[in-house]
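Asker: Quick one: this structure, given as structure tokens, is what I'll be asking you about.
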Amino acid sequence: MKSGSSSQYIKLLFVFFIVGLGLCGLADLAGSSEARELEVVRSVLKGDSILFPTRIGMVPSKPPLMHWLAASMIWLTDLSVTPGAVRALSLLCAFFLLWLTGMIASRAVPDSRSSVPLLSVGILATTYEFQRIAFSARVDMLFSLLVTIAIASVLFPVYLQSQNTPSRSHPWYSLFAISTALAVLTKGPLGIVFPLFISWILLVAAFGWRDATIRLVTPRWQWILFFLVAMPWYGWSMYEYSETFSSRVLFENITRFLGGEHIVSKPLWYYIPSYLLRAFPWSIIFLGALFTLRRDKNGTRFFSSAAKPFLLWFLVGFTLFSLSDGKRHAYLTPLFPASSIIVAMFLDEIYQRLSDNMKRYIRFTERTLPFLFFSLLSFITSAIGYFVYMREWHPQRDRYWQVAEFFTQHQLLFAFFVVASMLYCVVSISRQKELPIVFWVTLLTAVAFGLNVGLAVKAQIKGYRRMADSIGEDLSGSGARGSGARFVLVKDPEDELFDPIMFYLDRTPALMRPRDSLTQLTCEDIFLTRKEFLQDWHVALGRYNFLSDKLNEDTNRAIVLGKRKDC
């Protein structure tokens, strides 16, 4: 637990990034969330519409900043649009968010001997939901980074400034304006509403209601800076695509908050079990920290009052998200830096109060845990290898065979991963000063390895890539490239089932609604749709290929490729 220097967390950051780069391309697409963003990135690189990129001909669900950045990174590195390539952008954002969290923690607890910065970074880096978003080709990690920068621009001059060097406000106002403007270009108006509300509460806690409100409403030239960065794209999009763009903005920012059609309503308490499970075990320790915040008989608190701004950050954000009707687990990501710092302060205080015998026991655990973990990992990898070997004698097209196939394809990567990790432990543990780093590297590696292998197995079972390959072969063999043939995707606008399939298929289809397809499908058209729609059609259909999501065999997830027969 003890740390020789608060700068040790920098080493952990680079381990996180290097391990992440090795694992971020492991899993195929297992759902629509990533596929939607990947399609938009591909649209930017194709030059279809750089300012207003679309996905499969439809208006994207998010503003284009993340897609511009991902497309630029892919273009500069001469890579192709793959899940791993776009996930690398989220991983880079996670790297900087971890670094910023360490900087905030080191300023909140300036004692160079304190372990709070290392603990904060380690706790955040090993939080399940944080890593899940870090390894996802989505906008959430970029948005979380920009929101955290905006909140930090209030924390540093108000709560974390050095007493010897008073901070000037103007640079911080500019940083707040730029970061919130970029957040608006990442995820919409929430990018200004969320950090502005939290910042106002932080200012209220520091200066009172009147002074805090005056600070926010006083006209500043940074307001102009915000509008110059954020508003040109919105103004141009509203002018060029007024009806479709305004409906999308309304849906994503008003309907999603207040509820309505196509929004799956979640209860007010939805984020309580969400946080407890997806930040476990740190969430349990966080609850313990909240309990000890009350004053004892002497009027003092259990740990430093420096936790106050981070507690406000978390609770205000948690309340704001809970009021929304449309809720998703990933929305809590901007709150994890605050909870991680609180947990770090709490654990550091507990460690300082332990006896010398207990501290020696913790140091012994730090020394032995890495070996125990990687020995167990070696055993599991060997057992999986034996399982793969045995299944190769009797291959079957079931989910167990698909898992075996996945491990067969990547067994060399897993073997290298285990051997390299164990060598790292042997070298590092020989240096006694590096014990805290080895402990966190072990924990971080375990979460990253388990998460990505689990996602990869899930994607292998769902088999969207296999579906797309099968559909592509059927399209090629059925004359879909003929002079009068069209490939038609029959779906509702909000239907996301086909997004990962269309990404791997890499074709631009004609789009039809199910109710329109009865009159608009021609005899040459080859259509792809849900099997359930066939029950509502009153035309006889000819040959079709049945492709099913193996994870869920119900007819809602079954898709059909076919042609009209009554021609």
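Residues are named by chain letter and number: chains run A, B, ... in the order of the structure tokens, numbers start at 1 in each chain, and ligands are numbered from 1 in the order shown.
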Please provide as a PyMOL selection string all residues within 12 Å of Thr101 in chain A, with the sequence filter that same-chain residues fewer than 5 positions apart are discarded (counting only C-alpha atoms).

Answerer: chain A and resi 9-10+13+94-96+106-108+116-125+144-145+148-149+151-152+155+310+334-342+344

Asker: Those same residues, written as a short mmCIF file (atom, residue, chain, number, x, y, z; two decimals), in the first residue's frame with C-alpha atoms?

Answerer:
```
data_model
loop_
_atom_site.label_atom_id
_atom_site.label_comp_id
_atom_site.auth_asym_id
_atom_site.auth_seq_id
_atom_site.Cartn_x
_atom_site.Cartn_y
_atom_site.Cartn_z
CA TYR A 9 0.98 6.18 -11.08
CA ILE A 10 2.62 7.32 -14.34
CA LEU A 13 -0.65 4.43 -16.93
CA ALA A 94 -8.82 6.52 -20.98
CA PHE A 95 -5.05 6.98 -20.65
CA PHE A 96 -5.40 10.77 -20.38
CA SER A 106 -1.91 14.49 -6.10
CA ARG A 107 -3.09 18.09 -5.74
CA ALA A 108 -5.88 17.11 -3.34
CA VAL A 116 -3.61 8.41 -2.82
CA PRO A 117 -2.59 9.27 -6.45
CA LEU A 118 -1.45 5.71 -7.15
CA LEU A 119 -4.53 4.29 -5.43
CA SER A 120 -6.84 6.61 -7.35
CA VAL A 121 -5.38 5.63 -10.72
CA GLY A 122 -5.25 1.95 -9.79
CA ILE A 123 -8.84 1.89 -8.57
CA LEU A 124 -10.15 3.71 -11.64
CA ALA A 125 -8.10 1.56 -14.05
CA SER A 144 -15.95 11.51 -19.99
CA LEU A 145 -12.46 12.92 -20.56
CA THR A 148 -13.60 15.73 -16.37
CA ILE A 149 -11.36 18.44 -17.87
CA ILE A 151 -14.86 19.96 -13.87
CA ALA A 152 -11.11 20.02 -13.15
CA LEU A 155 -11.58 22.23 -8.96
CA PHE A 310 -15.34 14.85 -5.10
CA PRO A 334 -17.75 10.63 -15.88
CA LEU A 335 -18.42 9.98 -12.17
CA PHE A 336 -15.83 7.23 -11.69
CA PRO A 337 -12.82 9.58 -11.25
CA ALA A 338 -14.56 11.24 -8.29
CA SER A 339 -15.53 7.96 -6.59
CA SER A 340 -12.05 6.53 -7.20
CA ILE A 341 -10.37 9.46 -5.43
CA ILE A 342 -12.77 9.16 -2.48
CA ALA A 344 -8.33 6.08 -2.41
#
```

Asker: Return the single residue from A:Val59, A:Ser274, A:Phe280, A:Leu100 that is closest to Val447 in chain A, with distances computed using only C-alpha atoms.

Answerer: A:Phe280

Asker: Near Ala448 in chain A, within 9 Å and counting only C-alpha atoms, which residues show up once chain neighbours fewer than 2 positions away are dropped, as a PyMOL selection string?

Answerer: chain A and resi 16+19-20+23+126+128+131-132+135+443-446+450-453

Asker: Mind giving me the straight-line distance from CA of Asp516 in chain A to CA of Phe52 in chain A in Å, one decimal?

Answerer: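 Distance reported for this atom pair: 26.7 Å.
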
Asker: What separation in Å, quoted to one decimal, exists between CA of Val490 in chain A and CA of Arg530 in chain A?

Answerer: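 Computing the Euclidean distance for CA of Val490 in chain A and CA of Arg530 in chain A yields 7.9 Å.
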
Asker: I'd like to know which of A:Ser136, A:Phe207, A:Arg328, A:Glu532 is closest to Asp28 in chain A, using only C-alpha atoms.

Answerer: A:Ser136

Asker: With distances taken over only C-alpha atoms, which residue among A:Met103, A:Met502, A:Val488, A:Met141 lies nearest Arg42 in chain A?

Answerer: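 Going through A:Met103, A:Met502, A:Val488, A:Met141 one by one, the smallest distance to Arg42 in chain A is for A:Met502.
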
Asker: Provide the CA of Trp269 in chain A to CA of Lys62 in chain A distance in Å, to one decimal place.

Answerer: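 Calculated distance between CA of Trp269 in chain A and CA of Lys62 in chain A is 26.2 Å.
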
Asker: Return the single residue from A:Gly472, A:Pro281, A:Pro157, A:Gly188 that is closest to Glu129 in chain A, with distances computed using only C-alpha atoms.

Answerer: A:Pro281

Asker: Which of these residues is nearest to Lys327 in chain A, using only C-alpha atoms: A:Phe503, A:Lys266, A:Met345, A:Ile18?

Answerer: A:Lys266

Asker: Apply DSSP to the structure's backbone, then extract all residues of range 264-342 of chain A labelled alpha helix (DSSP H) and return them as an NGL selection string.

Answerer: :A and (271-278 or 282-291 or 308-323 or 336-342)
